[in-house]
>>> print(open('coords28.pdb').read())   # PDB, C-alpha atoms
MODEL        1
ATOM      1  CA  MET A   1       0.000   0.000   0.000
ATOM      2  CA  ASN A   2       1.640   3.251  -1.143
ATOM      3  CA  ASP A   3       0.914   6.683   0.346
ATOM      4  CA  GLU A   4      -1.850   7.470  -2.146
ATOM      5  CA  GLU A   5      -3.633   4.196  -1.416
ATOM      6  CA  TYR A   6      -3.133   4.605   2.319
ATOM      7  CA  PHE A   7      -4.631   8.104   2.484
ATOM      8  CA  ALA A   8      -7.563   7.068   0.281
ATOM      9  CA  TYR A   9      -8.336   3.970   2.361
ATOM     10  CA  LYS A  10     -11.617   4.449   4.235
ATOM     11  CA  ALA A  11     -10.517   4.160   7.821
ATOM     12  CA  LEU A  12     -10.132   6.382  10.848
ATOM     13  CA  SER A  13      -6.663   7.862  11.365
ATOM     14  CA  ALA A  14      -4.989   9.827  14.150
ATOM     15  CA  SER A  15      -4.982  12.998  12.045
ATOM     16  CA  GLN A  16      -8.748  12.687  11.520
ATOM     17  CA  ILE A  17      -9.359  12.191  15.233
ATOM     18  CA  LYS A  18      -7.211  15.242  16.013
ATOM     19  CA  ALA A  19      -9.179  17.227  13.435
ATOM     20  CA  PHE A  20     -12.474  16.100  14.995
ATOM     21  CA  ASP A  21     -11.164  17.173  18.391
ATOM     22  CA  LYS A  22     -11.141  20.720  17.000
ATOM     23  CA  SER A  23     -14.260  20.580  14.841
ATOM     24  CA  PRO A  24     -16.462  17.964  13.097
ATOM     25  CA  ARG A  25     -16.204  20.166   9.996
ATOM     26  CA  LEU A  26     -12.415  19.859   9.908
ATOM     27  CA  PHE A  27     -12.752  16.103  10.302
ATOM     28  CA  TRP A  28     -15.228  15.817   7.418
ATOM     29  CA  ARG A  29     -13.192  18.006   5.068
ATOM     30  CA  SER A  30     -10.206  15.647   5.215
ATOM     31  CA  SER A  31     -11.957  12.340   5.862
ATOM     32  CA  PRO A  32     -11.829   9.507   3.294
ATOM     33  CA  PHE A  33     -15.420   8.752   4.380
ATOM     34  CA  ASN A  34     -16.424  12.006   2.651
ATOM     35  CA  PRO A  35     -17.130  11.287  -1.041
ATOM     36  CA  ASP A  36     -16.724  14.998  -1.834
ATOM     37  CA  LYS A  37     -13.362  15.379  -0.095
ATOM     38  CA  LYS A  38     -11.078  17.672  -2.044
ATOM     39  CA  PRO A  39      -7.640  16.326  -3.010
ATOM     40  CA  GLU A  40      -4.858  17.358  -0.671
ATOM     41  CA  THR A  41      -2.887  20.246  -2.125
ATOM     42  CA  VAL A  42       0.873  19.979  -2.332
ATOM     43  CA  ASN A  43       2.642  22.571  -0.203
ATOM     44  CA  ASP A  44       6.264  23.239   0.699
ATOM     45  CA  ALA A  45       5.917  22.277   4.374
ATOM     46  CA  LEU A  46       4.297  18.936   3.578
ATOM     47  CA  VAL A  47       6.899  18.043   0.952
ATOM     48  CA  PHE A  48       9.774  19.049   3.223
ATOM     49  CA  GLY A  49       8.406  17.037   6.132
ATOM     50  CA  LYS A  50       8.126  13.905   3.992
ATOM     51  CA  LEU A  51      11.636  14.501   2.619
ATOM     52  CA  ALA A  52      13.107  14.736   6.125
ATOM     53  CA  HIS A  53      11.319  11.528   7.127
ATOM     54  CA  CYS A  54      12.676   9.710   4.085
ATOM     55  CA  LEU A  55      16.287  10.819   4.631
ATOM     56  CA  LEU A  56      16.154   9.873   8.307
ATOM     57  CA  LEU A  57      14.309   6.569   8.189
ATOM     58  CA  GLU A  58      14.525   5.331   4.603
ATOM     59  CA  PRO A  59      17.564   6.975   2.949
ATOM     60  CA  GLU A  60      17.871   4.068   0.500
ATOM     61  CA  ALA A  61      14.477   5.051  -0.957
ATOM     62  CA  PHE A  62      15.459   8.645  -1.782
ATOM     63  CA  GLN A  63      16.456   8.029  -5.413
ATOM     64  CA  GLU A  64      13.237   6.134  -6.046
ATOM     65  CA  ARG A  65      10.950   8.763  -4.531
ATOM     66  CA  TYR A  66      12.565  12.135  -5.337
ATOM     67  CA  PHE A  67      14.235  14.135  -8.066
ATOM     68  CA  ILE A  68      15.913  17.528  -7.832
ATOM     69  CA  ALA A  69      15.212  20.370 -10.255
ATOM     70  CA  ASP A  70      14.690  24.133 -10.330
ATOM     71  CA  PHE A  71      11.000  24.965 -10.770
ATOM     72  CA  GLY A  72      10.960  28.607  -9.667
ATOM     73  CA  ASN A  73       9.343  30.121  -6.605
ATOM     74  CA  SER A  74       6.092  28.178  -6.433
ATOM     75  CA  ARG A  75       4.756  24.637  -6.694
ATOM     76  CA  LYS A  76       1.685  26.095  -8.367
ATOM     77  CA  ASN A  77       3.401  27.201 -11.582
ATOM     78  CA  LYS A  78       3.424  25.484 -14.979
ATOM     79  CA  ARG A  79       7.080  24.469 -14.834
ATOM     80  CA  TYR A  80       6.498  22.538 -11.620
ATOM     81  CA  ALA A  81       3.530  20.720 -13.189
ATOM     82  CA  PHE A  82       5.528  19.969 -16.343
ATOM     83  CA  LEU A  83       8.538  18.565 -14.481
ATOM     84  CA  CYS A  84       6.266  16.373 -12.359
ATOM     85  CA  SER A  85       4.541  15.032 -15.476
ATOM     86  CA  GLU A  86       7.962  14.145 -16.896
ATOM     87  CA  ASN A  87       8.840  12.215 -13.723
ATOM     88  CA  PRO A  88       5.683  10.337 -12.711
ATOM     89  CA  GLY A  89       5.660   8.733  -9.306
ATOM     90  CA  LYS A  90       8.410  10.983  -7.959
ATOM     91  CA  GLU A  91       8.339  14.057  -5.753
ATOM     92  CA  LEU A  92      10.055  17.195  -7.049
ATOM     93  CA  ILE A  93      12.317  19.076  -4.647
ATOM     94  CA  THR A  94      14.835  21.881  -5.021
ATOM     95  CA  GLN A  95      18.546  21.628  -4.289
ATOM     96  CA  GLU A  96      17.994  24.097  -1.460
ATOM     97  CA  GLU A  97      15.355  21.836   0.139
ATOM     98  CA  TYR A  98      17.637  18.814  -0.164
ATOM     99  CA  ASP A  99      20.612  20.685   1.335
ATOM    100  CA  ARG A 100      18.498  21.983   4.211
ATOM    101  CA  ALA A 101      17.055  18.529   4.954
ATOM    102  CA  THR A 102      20.501  16.896   4.937
ATOM    103  CA  LYS A 103      21.760  19.629   7.282
ATOM    104  CA  MET A 104      18.898  18.895   9.662
ATOM    105  CA  LEU A 105      19.568  15.164   9.533
ATOM    106  CA  ALA A 106      23.276  15.685  10.210
ATOM    107  CA  ASN A 107      22.353  17.522  13.406
ATOM    108  CA  LEU A 108      19.877  14.818  14.325
ATOM    109  CA  ARG A 109      22.434  12.051  13.935
ATOM    110  CA  ASN A 110      24.850  14.020  16.129
ATOM    111  CA  HIS A 111      22.267  14.146  18.919
ATOM    112  CA  PRO A 112      23.255  11.256  21.241
ATOM    113  CA  GLU A 113      19.759  10.373  22.485
ATOM    114  CA  ALA A 114      18.039  10.740  19.104
ATOM    115  CA  ALA A 115      20.723   8.624  17.420
ATOM    116  CA  ARG A 116      20.381   5.937  20.112
ATOM    117  CA  ILE A 117      16.598   5.806  19.701
ATOM    118  CA  VAL A 118      16.665   5.555  15.911
ATOM    119  CA  GLU A 119      19.493   2.995  15.760
ATOM    120  CA  GLY A 120      18.100  -0.413  14.892
ATOM    121  CA  ALA A 121      14.584   0.887  14.242
ATOM    122  CA  VAL A 122      12.724  -0.245  11.141
ATOM    123  CA  CYS A 123      10.176   1.654   9.091
ATOM    124  CA  GLU A 124       6.702   0.248   9.501
ATOM    125  CA  THR A 125       4.159  -0.452   6.799
ATOM    126  CA  PRO A 126       0.591   0.789   7.358
ATOM    127  CA  ILE A 127      -1.359  -0.937  10.101
ATOM    128  CA  LEU A 128      -5.072  -1.597   9.530
ATOM    129  CA  TRP A 129      -7.448  -2.851  12.223
ATOM    130  CA  LYS A 130     -11.049  -2.757  13.441
ATOM    131  CA  ASP A 131     -11.665  -0.789  16.620
ATOM    132  CA  LYS A 132     -13.038  -3.040  19.362
ATOM    133  CA  GLU A 133     -15.189  -0.298  20.919
ATOM    134  CA  THR A 134     -16.936   1.018  17.833
ATOM    135  CA  GLY A 135     -16.280  -1.426  15.028
ATOM    136  CA  LEU A 136     -14.846   1.425  12.944
ATOM    137  CA  PRO A 137     -12.003   0.597  10.536
ATOM    138  CA  CYS A 138      -8.798   2.261  11.709
ATOM    139  CA  LYS A 139      -5.349   2.856  10.258
ATOM    140  CA  CYS A 140      -2.002   4.247  11.298
ATOM    141  CA  LYS A 141       1.467   4.444   9.807
ATOM    142  CA  PRO A 142       4.160   4.687  12.501
ATOM    143  CA  ASP A 143       7.386   6.274  11.352
ATOM    144  CA  ALA A 144       9.378   3.426  12.876
ATOM    145  CA  LEU A 145       9.262   0.557  15.353
ATOM    146  CA  LYS A 146      12.099  -0.776  17.442
ATOM    147  CA  ARG A 147      12.305  -4.118  19.225
ATOM    148  CA  THR A 148      14.149  -3.719  22.535
ATOM    149  CA  PRO A 149      14.775  -6.162  25.420
ATOM    150  CA  TYR A 150      11.859  -4.462  27.199
ATOM    151  CA  GLY A 151       9.387  -4.598  24.313
ATOM    152  CA  LEU A 152       8.242  -2.584  21.297
ATOM    153  CA  VAL A 153       9.033   1.122  21.017
ATOM    154  CA  VAL A 154       7.053   3.316  18.608
ATOM    155  CA  ILE A 155       8.993   6.254  17.143
ATOM    156  CA  ASP A 156       7.565   9.367  15.518
ATOM    157  CA  TYR A 157       9.736  12.089  13.962
ATOM    158  CA  LYS A 158       8.336  15.598  13.608
ATOM    159  CA  THR A 159       9.592  19.020  12.634
ATOM    160  CA  SER A 160       8.310  22.166  14.308
ATOM    161  CA  SER A 161       8.789  25.919  14.297
ATOM    162  CA  ASP A 162       7.674  26.191  17.944
ATOM    163  CA  ILE A 163       8.964  23.317  20.065
ATOM    164  CA  ASP A 164       8.604  25.306  23.296
ATOM    165  CA  GLY A 165       4.930  25.942  22.575
ATOM    166  CA  LEU A 166       4.405  22.303  21.660
ATOM    167  CA  ILE A 167       5.811  21.176  25.017
ATOM    168  CA  ARG A 168       3.811  23.735  27.033
ATOM    169  CA  HIS A 169       0.525  23.129  25.194
ATOM    170  CA  PRO A 170       0.370  19.536  23.891
ATOM    171  CA  GLU A 171      -3.419  19.844  23.625
ATOM    172  CA  LYS A 172      -3.072  22.160  20.612
ATOM    173  CA  LEU A 173      -1.585  19.567  18.267
ATOM    174  CA  GLN A 174      -2.848  16.629  20.352
ATOM    175  CA  TYR A 175       0.269  14.495  20.155
ATOM    176  CA  PRO A 176      -0.944  12.520  23.207
ATOM    177  CA  LEU A 177      -3.988  11.422  21.167
ATOM    178  CA  GLN A 178      -1.693  10.228  18.397
ATOM    179  CA  ASP A 179       0.391   8.382  20.985
ATOM    180  CA  VAL A 180      -2.480   6.301  22.371
ATOM    181  CA  PHE A 181      -4.121   5.745  18.969
ATOM    182  CA  TYR A 182      -0.919   4.440  17.371
ATOM    183  CA  CYS A 183      -0.309   2.195  20.371
ATOM    184  CA  GLU A 184      -3.780   0.716  19.854
ATOM    185  CA  GLY A 185      -2.860  -0.073  16.270
ATOM    186  CA  VAL A 186       0.498  -1.593  17.151
ATOM    187  CA  LYS A 187      -1.158  -3.731  19.822
ATOM    188  CA  ALA A 188      -3.772  -4.901  17.287
ATOM    189  CA  ARG A 189      -0.985  -5.896  14.868
ATOM    190  CA  TYR A 190       1.480  -7.502  17.295
ATOM    191  CA  SER A 191      -0.786  -8.508  20.210
ATOM    192  CA  GLU A 192       1.374  -6.609  22.675
ATOM    193  CA  GLU A 193       1.227  -3.151  24.178
ATOM    194  CA  PRO A 194       4.192  -0.941  23.199
ATOM    195  CA  VAL A 195       6.415  -0.124  26.161
ATOM    196  CA  GLU A 196       7.070   3.398  24.888
ATOM    197  CA  PHE A 197       5.961   5.963  22.338
ATOM    198  CA  VAL A 198       8.667   8.544  21.739
ATOM    199  CA  PHE A 199       8.508  11.739  19.698
ATOM    200  CA  ILE A 200      11.699  13.128  18.192
ATOM    201  CA  VAL A 201      10.966  16.774  17.405
ATOM    202  CA  GLN A 202      13.427  18.955  15.501
ATOM    203  CA  SER A 203      13.253  22.660  14.786
ATOM    204  CA  ASN A 204      12.712  23.465  11.114
ATOM    205  CA  LYS A 205      13.839  27.074  11.556
ATOM    206  CA  GLU A 206      16.913  28.077   9.616
ATOM    207  CA  ASP A 207      20.089  28.012  11.750
ATOM    208  CA  GLU A 208      18.204  26.210  14.552
ATOM    209  CA  GLU A 209      18.587  22.693  13.193
ATOM    210  CA  ASP A 210      20.429  21.670  16.369
ATOM    211  CA  VAL A 211      17.329  22.357  18.489
ATOM    212  CA  ILE A 212      15.969  18.865  19.132
ATOM    213  CA  ALA A 213      13.569  17.582  21.789
ATOM    214  CA  ILE A 214      12.908  13.981  22.809
ATOM    215  CA  LEU A 215       9.357  13.809  24.167
ATOM    216  CA  ASN A 216       7.132  11.311  25.940
ATOM    217  CA  THR A 217       3.571  11.776  27.167
ATOM    218  CA  ASP A 218       3.307  11.548  30.949
ATOM    219  CA  TYR A 219       1.212   8.802  32.569
ATOM    220  CA  ASP A 220      -1.774  10.940  33.636
ATOM    221  CA  SER A 221      -1.975  12.681  30.255
ATOM    222  CA  ARG A 222      -1.985   9.310  28.480
ATOM    223  CA  LEU A 223      -4.902   8.172  30.646
ATOM    224  CA  ILE A 224      -6.832  11.325  29.778
ATOM    225  CA  ALA A 225      -5.905  10.959  26.103
ATOM    226  CA  LYS A 226      -7.315   7.414  26.152
ATOM    227  CA  ASP A 227     -10.607   8.722  27.539
ATOM    228  CA  ILE A 228     -10.721  11.516  24.946
ATOM    229  CA  LEU A 229      -9.905   9.033  22.178
ATOM    230  CA  SER A 230     -12.710   6.716  23.282
ATOM    231  CA  LEU A 231     -15.173   9.629  23.383
ATOM    232  CA  ARG A 232     -14.148  10.968  19.960
ATOM    233  CA  LYS A 233     -14.443   7.529  18.353
ATOM    234  CA  GLN A 234     -17.971   7.120  19.716
ATOM    235  CA  GLN A 235     -18.940  10.604  18.494
ATOM    236  CA  ILE A 236     -17.498   9.930  15.046
ATOM    237  CA  LYS A 237     -19.314   6.600  14.860
ATOM    238  CA  THR A 238     -22.638   8.298  15.697
ATOM    239  CA  LEU A 239     -22.193  11.074  13.123
ATOM    240  CA  LEU A 240     -21.022   8.685  10.404
ATOM    241  CA  ALA A 241     -24.059   6.463  11.046
ATOM    242  CA  SER A 242     -26.352   9.499  10.725
ATOM    243  CA  TRP A 243     -24.635  10.560   7.518
ATOM    244  CA  GLU A 244     -24.997   7.054   6.037
ATOM    245  CA  LYS A 245     -28.758   7.289   6.577
ATOM    246  CA  THR A 246     -29.307  10.861   5.396
ATOM    247  CA  LYS A 247     -26.254  11.804   3.278
ATOM    248  CA  ASP A 248     -26.646  15.243   4.843
ATOM    249  CA  PRO A 249     -23.221  16.951   5.166
ATOM    250  CA  PHE A 250     -24.733  19.472   7.630
ATOM    251  CA  ILE A 251     -24.288  16.723  10.211
ATOM    252  CA  PHE A 252     -20.621  17.781  10.231
ATOM    253  CA  ALA A 253     -21.266  21.530  10.367
ATOM    254  CA  ALA A 254     -18.887  23.563  12.492
ATOM    255  CA  PHE A 255     -21.800  24.950  14.568
ATOM    256  CA  PRO A 256     -24.768  22.571  14.091
ATOM    257  CA  GLU A 257     -26.828  24.032  16.962
ATOM    258  CA  ARG A 258     -27.954  27.498  17.956
ATOM    259  CA  MET A 259     -25.597  29.133  20.448
ATOM    260  CA  THR A 260     -25.577  32.173  22.712
ATOM    261  CA  MET A 261     -22.875  34.797  23.153
ATOM    262  CA  SER A 262     -21.917  36.111  26.571
ATOM    263  CA  TYR A 263     -19.599  38.895  27.625
ATOM    264  CA  PRO A 264     -16.733  37.619  29.792
ATOM    265  CA  SER A 265     -16.979  38.674  33.430
ATOM    266  CA  TRP A 266     -13.984  41.014  33.184
ATOM    267  CA  TYR A 267     -15.744  42.931  30.406
ATOM    268  CA  MET A 268     -19.083  43.103  32.208
ATOM    269  CA  ASN A 269     -17.324  44.557  35.243
ATOM    270  CA  GLN A 270     -16.563  47.668  33.172
ATOM    271  CA  ALA A 271     -20.225  48.617  33.278
ATOM    272  CA  SER A 272     -20.533  48.339  37.053
TER     273      SER A 272
ENDMDL
END
>>> encode(input="coords28.pdb", output="structure tokens")
Amino acid sequence: MNDEEYFAYKALSASQIKAFDKSPRLFWRSSPFNPDKKPETVNDALVFGKLAHCLLLEPEAFQERYFIADFGNSRKNKRYAFLCSENPGKELITQEEYDRATKMLANLRNHPEAARIVEGAVCETPILWKDKETGLPCKCKPDALKRTPYGLVVIDYKTSSDIDGLIRHPEKLQYPLQDVFYCEGVKARYSEEPVEFVFIVQSNKEDEEDVIAILNTDYDSRLIAKDILSLRKQQIKTLLASWEKTKDPFIFAAFPERMTMSYPSWYMNQAS
């Protein structure tokens, strides 16, 4: 199953659950359950993130997946489209993007803890399973797995422009939800609970490539994330069942019910 097949496969993913956590509308816009879902647009950040993943975890696949050429200042111009049509099945990157990614990876390999974690890890193929609570089809694609004397370790590599903010407010990007969801998938595949889920997060800011954080979710947050995950799966199941009966996309509206607005107390105090 290649990336295109994986993303098109009708199953619940961590990114969809995180989107639903913000808004049912965001979930529906990107969900493979939505027959009117718009194709994902190619953007520089997405391409660069995939490139960094490839160079770190599957460097032997670089030649097969990428080619380097000058296409100007935008991936929306005609030259970019032409070059891609001349190289089907490959992702077009610039020399600058390749140089920047290799610089980042050099810093990552020089980080003692990150290098230790990645050593011996293997890239994982997509994992597909049926959720025991809801019966919903689910999928995940861990960046890498590592067999240790203590058990299975799940590894996820991310780039970020605000690592400090990510650490202070994990609820914004909901990495804890991804943690527990991926561990469910790994357990479904291997019949054992992973002993650790570790995030390797590297700054993607220029001249800050040496800023790297190794992150785990604490015990209490993982328990809460499991409860949130269970709730979101049940909510998604209910809405999908309603949509199957009615085919009414308003079911996934951002604000499906009438709401009221209230001044905050600090503002109301101005009138007293």
>>> resolve_selection(input="coords28.pdb", expression="the PyMOL selection byres ((chain A and resi 255-268) around 12)", output="number ranges by chain")
A: 22-26, 239, 248-254, 269-272
>>> atom_distance(input="coords28.pdb", atom1="CA of Leu229 in chain A", atom2="CA of Val180 in chain A")
7.9 Å
>>> closest_residue(input="coords28.pdb", among="A:Arg29, A:Lys18, A:Lys10, A:Lys233", to="Glu133 in chain A", atoms="all atoms listed in the file")
A:Lys233
>>> residues_around(input="coords28.pdb", residues="Cys138 in chain A", least_positions_apart="4", cutoff="12 Å", atoms="all atoms listed in the file", output="MDAnalysis selection string")
chainID A and resid 6:7 9:17 32:33 126:134 181:182 184:186 188:189 233 237
>>> resolve_selection(input="coords28.pdb", expression="the PyMOL selection byres ((chain A and resi 205) around 12)", output="PyMOL selection string")
chain A and resi 45+100-101+103-104+159-163+202-204+206-212
>>> closest_residue(input="coords28.pdb", among="A:Asn34, A:Thr148, A:Asn216, A:Ser221", to="Trp243 in chain A", atoms="all atoms listed in the file")
A:Asn34
>>> closest_residue(input="coords28.pdb", among="A:Ile93, A:Leu57, A:Val42, A:Leu240", to="Asp70 in chain A", atoms="only C-alpha atoms")
A:Ile93
>>> closest_residue(input="coords28.pdb", among="A:Ile117, A:Leu105, A:Ala81, A:Ile167", to="Leu51 in chain A", atoms="all atoms listed in the file")
A:Leu105
>>> resolve_selection(input="coords28.pdb", expression="the PyMOL selection byres ((chain A and resi 152) around 12)", output="list in words")
Ile117, Gly120, Ala121, Val122, Ala144, Leu145, Lys146, Arg147, Thr148, Pro149, Tyr150, Gly151, Val153, Val154, Ile155, Cys183, Val186, Lys187, Arg189, Tyr190, Ser191, Glu192, Glu193, Pro194, Val195, Glu196, Phe197 and Val198 of chain A
>>> build_atoms(input="coords28.pdb", residues="range 21-46 of chain A", atoms="N, CA and C atoms", output="PDB file, in the coordinates of the input")
ATOM      1  N   ASP A  21     -11.318  16.585  17.065  1.00  0.00           N
ATOM      2  CA  ASP A  21     -11.164  17.173  18.391  1.00  0.00           C
ATOM      3  C   ASP A  21     -11.305  18.686  18.340  1.00  0.00           C
ATOM      4  N   LYS A  22     -10.994  19.277  17.185  1.00  0.00           N
ATOM      5  CA  LYS A  22     -11.141  20.720  17.000  1.00  0.00           C
ATOM      6  C   LYS A  22     -12.518  21.063  16.447  1.00  0.00           C
ATOM      7  N   SER A  23     -12.975  20.278  15.471  1.00  0.00           N
ATOM      8  CA  SER A  23     -14.260  20.580  14.841  1.00  0.00           C
ATOM      9  C   SER A  23     -14.687  19.420  13.942  1.00  0.00           C
ATOM     10  N   PRO A  24     -15.968  18.990  14.026  1.00  0.00           N
ATOM     11  CA  PRO A  24     -16.462  17.964  13.097  1.00  0.00           C
ATOM     12  C   PRO A  24     -16.288  18.373  11.635  1.00  0.00           C
ATOM     13  N   ARG A  25     -16.375  19.681  11.368  1.00  0.00           N
ATOM     14  CA  ARG A  25     -16.204  20.166   9.996  1.00  0.00           C
ATOM     15  C   ARG A  25     -14.805  19.878   9.478  1.00  0.00           C
ATOM     16  N   LEU A  26     -13.788  20.129  10.319  1.00  0.00           N
ATOM     17  CA  LEU A  26     -12.415  19.859   9.908  1.00  0.00           C
ATOM     18  C   LEU A  26     -12.217  18.363   9.660  1.00  0.00           C
ATOM     19  N   PHE A  27     -12.815  17.551  10.501  1.00  0.00           N
ATOM     20  CA  PHE A  27     -12.752  16.103  10.302  1.00  0.00           C
ATOM     21  C   PHE A  27     -13.334  15.713   8.946  1.00  0.00           C
ATOM     22  N   TRP A  28     -14.531  16.228   8.637  1.00  0.00           N
ATOM     23  CA  TRP A  28     -15.228  15.817   7.418  1.00  0.00           C
ATOM     24  C   TRP A  28     -14.506  16.299   6.160  1.00  0.00           C
ATOM     25  N   ARG A  29     -13.890  17.461   6.239  1.00  0.00           N
ATOM     26  CA  ARG A  29     -13.192  18.006   5.068  1.00  0.00           C
ATOM     27  C   ARG A  29     -12.054  17.096   4.614  1.00  0.00           C
ATOM     28  N   SER A  30     -11.383  16.443   5.567  1.00  0.00           N
ATOM     29  CA  SER A  30     -10.206  15.647   5.215  1.00  0.00           C
ATOM     30  C   SER A  30     -10.454  14.140   5.295  1.00  0.00           C
ATOM     31  N   SER A  31     -11.682  13.753   5.614  1.00  0.00           N
ATOM     32  CA  SER A  31     -11.957  12.340   5.862  1.00  0.00           C
ATOM     33  C   SER A  31     -12.162  11.550   4.574  1.00  0.00           C
ATOM     34  N   PRO A  32     -11.572  10.350   4.463  1.00  0.00           N
ATOM     35  CA  PRO A  32     -11.829   9.507   3.294  1.00  0.00           C
ATOM     36  C   PRO A  32     -13.263   8.984   3.264  1.00  0.00           C
ATOM     37  N   PHE A  33     -14.005   9.131   4.377  1.00  0.00           N
ATOM     38  CA  PHE A  33     -15.420   8.752   4.380  1.00  0.00           C
ATOM     39  C   PHE A  33     -16.264   9.760   3.599  1.00  0.00           C
ATOM     40  N   ASN A  34     -15.722  10.939   3.368  1.00  0.00           N
ATOM     41  CA  ASN A  34     -16.424  12.006   2.651  1.00  0.00           C
ATOM     42  C   ASN A  34     -16.225  11.827   1.147  1.00  0.00           C
ATOM     43  N   PRO A  35     -17.292  11.495   0.402  1.00  0.00           N
ATOM     44  CA  PRO A  35     -17.130  11.287  -1.041  1.00  0.00           C
ATOM     45  C   PRO A  35     -16.788  12.553  -1.806  1.00  0.00           C
ATOM     46  N   ASP A  36     -17.010  13.715  -1.179  1.00  0.00           N
ATOM     47  CA  ASP A  36     -16.724  14.998  -1.834  1.00  0.00           C
ATOM     48  C   ASP A  36     -15.444  15.635  -1.314  1.00  0.00           C
ATOM     49  N   LYS A  37     -14.624  14.846  -0.627  1.00  0.00           N
ATOM     50  CA  LYS A  37     -13.362  15.379  -0.095  1.00  0.00           C
ATOM     51  C   LYS A  37     -12.483  15.900  -1.222  1.00  0.00           C
ATOM     52  N   LYS A  38     -11.952  17.090  -1.034  1.00  0.00           N
ATOM     53  CA  LYS A  38     -11.078  17.672  -2.044  1.00  0.00           C
ATOM     54  C   LYS A  38      -9.680  17.068  -1.933  1.00  0.00           C
ATOM     55  N   PRO A  39      -9.003  16.882  -3.064  1.00  0.00           N
ATOM     56  CA  PRO A  39      -7.640  16.326  -3.010  1.00  0.00           C
ATOM     57  C   PRO A  39      -6.727  17.227  -2.193  1.00  0.00           C
ATOM     58  N   GLU A  40      -5.809  16.595  -1.478  1.00  0.00           N
ATOM     59  CA  GLU A  40      -4.858  17.358  -0.671  1.00  0.00           C
ATOM     60  C   GLU A  40      -3.914  18.134  -1.570  1.00  0.00           C
ATOM     61  N   THR A  41      -3.768  19.420  -1.312  1.00  0.00           N
ATOM     62  CA  THR A  41      -2.887  20.246  -2.125  1.00  0.00           C
ATOM     63  C   THR A  41      -1.443  20.071  -1.673  1.00  0.00           C
ATOM     64  N   VAL A  42      -0.548  20.101  -2.641  1.00  0.00           N
ATOM     65  CA  VAL A  42       0.873  19.979  -2.332  1.00  0.00           C
ATOM     66  C   VAL A  42       1.378  21.329  -1.828  1.00  0.00           C
ATOM     67  N   ASN A  43       2.057  21.332  -0.703  1.00  0.00           N
ATOM     68  CA  ASN A  43       2.642  22.571  -0.203  1.00  0.00           C
ATOM     69  C   ASN A  43       4.070  22.305   0.268  1.00  0.00           C
ATOM     70  N   ASP A  44       4.845  23.369   0.384  1.00  0.00           N
ATOM     71  CA  ASP A  44       6.264  23.239   0.699  1.00  0.00           C
ATOM     72  C   ASP A  44       6.507  22.528   2.027  1.00  0.00           C
ATOM     73  N   ALA A  45       5.710  22.869   3.049  1.00  0.00           N
ATOM     74  CA  ALA A  45       5.917  22.277   4.374  1.00  0.00           C
ATOM     75  C   ALA A  45       5.672  20.776   4.356  1.00  0.00           C
ATOM     76  N   LEU A  46       4.623  20.358   3.652  1.00  0.00           N
ATOM     77  CA  LEU A  46       4.297  18.936   3.578  1.00  0.00           C
ATOM     78  C   LEU A  46       5.394  18.166   2.852  1.00  0.00           C
TER      79      LEU A  46
END
